[in-house]
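First up is the structure itself, then whatever we jot down about it.
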Amino acid sequence: MIRSIHLKQSCWLLAIMYGQAAAQDAKPVTIPLESKNNAVVLQVDTKGQLSTLYFGTKLSNTAEYSQVPSAYKQTEDYSEVASSAYTAAGTKNLLEPAIAVTHADGNNGLDLRYVSHKTVSRGSGIEETSILLKDPVYPFEVTLYYKVYKAEDVIEQWSVIRHQEKGNVTLQKFASANLYLKAPRYWLRQYHGDWAKEMQPEETQLTHGIKTLDSKLGTRANLFQPPVFMVSLGQPATEDQGSVLYGLMEWSGNFRIDLELDNLDNLRIIAGINNYASPYILKTNTAFETPPFLYTFSNKGKGAASRKLQSWARNYKVLDGKGDRLTLLNNWEATYFNFNESVLKGLLKDTKDLGVDLFLLDDGWFGNKFPRNSDHQGLGDWQENRAKLPNGIAALDSMAQATGVKFGIWVEPEMVSPKSELNARHPDWVLRQPGREEHYFRHQLVLDLSNPKVQDFVFSVVDSLFIKAPKLSYIKWDCNAVIYNAWSAYQQQQQSQFYVEYIRGLYKVLARLRAKYPHVPMMLCSGGGGRVDYAALQYFTEYWPSDNTDPLERIFIQWENSYFYPAITSANHVTDWGKQPIKFRVDVAMMGKLGFDIVVKDLKEKELAFCKEAISNYNALKEVIWHGDQYRLADPHEGSVAAVMYVNEKKSSGVLFNYLVNYRYGESSKFPIRLKGLDPAKKYRLEEINVYPGEASAIQGNTTFTGEFLMNIGFNPQLNVRRTSVVIRISEVS
């Protein structure tokens, strides 16, 4: 086989063989990746094999990592593969691989050996370690990257794959990360759902074999399962106790996360792009960079882990994560597709009267030959409908400014209606199987974003809106369809590249938009929560958790999302869904970025007065909600009450949200709720806000408590079937 290797490959082989011979005489190399509280420690043996030595709480003495008991190495001949930091297929490995390839000569074997590593600073409190691995026989290499955010105990991990073979290499699997954990038992908390049923949790003990979390939907990839999970070590973690790992893929397309409990009772977690229908053809001297897999670890329960993750997201990942957000009024549930300029002018006035910042015009404003009067046609024809908007969106933007509010607009630029001018003009831009019947999801097809011309078109859709209306202040970007008919005219004979290149094309468009419009708020929507991940949230200020805006259901959806995403990113709207009173609906929506999607003119006098007062209260407390530490106090899955609290960094101000989620048999908050995150030595005043007009608070506002009392004894918000939501302002008393 060696005789068939090109001369350049022979030089590579000799260099690697020399390096391996030298390595056999060397001592093991230990590579600690440490944050404030945690450590992932890798070790290179004398054969150059990179494995995981330790994963858990950081030791104060780095030298002691080399003394970690050999629990990871129960079978000497097997352990070097079982604990591999990036398991390759085709040689000695018997387990699920992180990477599998077919070389240019057809060989499927791969063996990755350590060559070198280095650590560089990526800013204050951020270190990035790269580890170069090479195959001793083929000119093929992988560089593993570990970006450690020290204060937040967060690691982003990804890989970059290259080769210099004489011909193309096919990447059969190409994971971002390969973790290795050791514990007596493992408990997986995963999520499933569907439209209006997002983020339903399931927690089970992992058994031997492989548990796979994945998506093959292409665009609206999270519709049935999001790329987030928790693994508790030993026993299920609670809010404040237990060891737990949070994992998230930063990728907006097909993902795959394998959790393999092997024959040594070790847990291997392999996460990355789903290789389903995607063997990737990698040309020589070309780099393939995988998306980051994000994880954090806590030995103090789920609450601590989520606060670390939320802080990291605000500081480093979410667009304008430490900034402001706009409250808004959306027209969708007030008008659906049935509106005109006169109707919208009235809604602009309603926006001002309500006291929110912005009016958002939703679906239905475009299309002329095929007017967008329903979701059956017009998508892709992004010209203002002349019957509805004879003066265009520029006139609406001017009217908004004259009214004293901002203006935003809805788009769904990745999709196209079969009945549209765009589909007729550019059939090759649309994903469709040649010679087969077309299948539609929500009466629409998907554009081929792997095609640079389509990328230019999608960019122009949004760019043209800003050209027409320079003061445009908000974009709601929707994505309602999954990928049916997965065939790309642009990819031709390389269809296996499509799913990867689609998402890369999407990111190219978003990067271009952000380069030109860096500060305009954008909502990430996908028929609800069908596309929520941190790769996308680099370009968006917020996401839409669900089209289900029933406030009782939203308590559960927002609760589960809050484990992984901060409140500032959660767009929560008050609508007419559900049977709860307006107070309950507003109180629930305040636990994030507040918006309204109601008919303001239909509100009764007291309802409108309440909404205005609640918006005023929200504006006074939004900094705490958006940027404070979140504590989940009473779990709606476990009892009749849900309670969530936010506290600012100085522990001087906070807000406590309380809801009755079970109305049967005269349920109430029977016991005090213990608060968290306060300073035990400080004194606090608790005051009920959002009191409905004409009603009296059951809370005495002149009583003060120490933080110690509130965290150990607690506070009863006096919930009952006539008083189903209570919001409490917490203020330090000097």
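Chains: A, B, ... in order of the structure tokens. Residues: from 1 per chain. Ligands: from 1, in order shown.
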Quiz item: So which residues of range 57-283 of chain A fall under strand (DSSP E or B) by DSSP, listed as a PyMOL selection string?
Solution: chain A and resi 57+84+88+99-102+113-121+126-134+140-149+154-163+169-182+186-192+200-205+209-214+228-233+242-249+255-261+266-273+280-282
Quiz item: Gly193 in chain A: which residues within 12 Å, counting only C-alpha atoms, same-chain residues fewer than 4 positions away excluded, as an MDAnalysis selection string?
Solution: chainID A and resid 197:202 221:226 528:530 545:546 548 557
Exercise. Would you please work out which residue, of A:Phe370, A:Tyr534, A:Phe441, A:Tyr86, is nearest to Asn423 in chain A when using only C-alpha atoms?
Key: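 Nearest to Asn423 in chain A: A:Phe370.
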Quiz item: Excluding same-chain residues fewer than 6 positions from Arg185 in chain A, what lies within 8 Å of it counting only C-alpha atoms, as a PyMOL selection string?
Solution: chain A and resi 205-206+233-235
Quiz item: What's the 9 Å shell around Trp487 in chain A, counting only C-alpha atoms, without same-chain residues fewer than 4 positions away, as an MDAnalysis selection string?
Solution: chainID A and resid 430:434 448 491:492 495 498
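Using only C-alpha atoms, the shortest contact distance between Asn37 in chain A and any of A:Asn480, A:Thr296, A:Gln444, A:Asn572 is found at A:Thr296.
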Quiz item: Hey, what's within 8 Å of Val458 in chain A if we count only C-alpha atoms and toss same-chain stuff fewer than 6 positions away? As an MDAnalysis selection string, please?
Solution: chainID A and resid 413:414 509
Create the file for the chosen residues now, containing N, CA and C atoms and written as a JSON list (two decimals), in the first residue's frame.
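again_15.json, freshly written:
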[["chain", "number", "residue", "atom", "x", "y", "z"],
["A", 413, "PRO", "N", -37.60, 34.90, 3.72],
["A", 413, "PRO", "CA", -36.90, 34.95, 2.43],
["A", 413, "PRO", "C", -36.30, 33.63, 1.96],
["A", 414, "GLU", "N", -36.27, 32.60, 2.80],
["A", 414, "GLU", "CA", -35.71, 31.31, 2.38],
["A", 414, "GLU", "C", -36.73, 30.46, 1.63],
["A", 509, "VAL", "N", -25.37, 34.82, 4.16],
["A", 509, "VAL", "CA", -26.36, 35.89, 3.99],
["A", 509, "VAL", "C", -26.48, 36.71, 5.27]]
Quiz prompt | DSSP helix (DSSP H, G or I) selection over range 262-490 of chain A, as JSON, numbers by chain | solution = {"A": [301, 302, 303, 304, 305, 306, 307, 308, 309, 310, 311, 312, 313, 314, 315, 316, 317, 332, 333, 334, 335, 341, 342, 343, 344, 345, 346, 347, 348, 349, 350, 351, 352, 353, 354, 392, 393, 394, 395, 396, 397, 398, 399, 400, 401, 402, 403, 421, 422, 423, 424, 425, 427, 428, 429, 452, 453, 454, 455, 456, 457, 458, 459, 460, 461, 462, 463, 464, 465, 466, 467, 468]}
Exercise. Provide the CA of Ser83 in chain A to CA of Ser252 in chain A distance in Å, to one decimal place.
Key: 29.0 Å
Quiz item: In Å to one decimal, how far is CA of Ala85 in chain A from CA of Ile31 in chain A?
Solution: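 Atom-to-atom, CA of Ile31 in chain A to CA of Ala85 in chain A, that is 11.6 Å.
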Exercise. Would you please work out which residue, of A:Gly321, A:Pro184, A:Gly714, A:Pro32, is nearest to Pro521 in chain A when using only C-alpha atoms?
Key: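 With only C-alpha atoms as the atom set, the closest residue is A:Gly321.
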Practice problem: Give me, please, the distance in Å between CA of Leu675 in chain A and CA of Arg189 in chain A, quoted to one decimal. | Solution: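 That distance, rounded to one decimal, is 25.2 Å.
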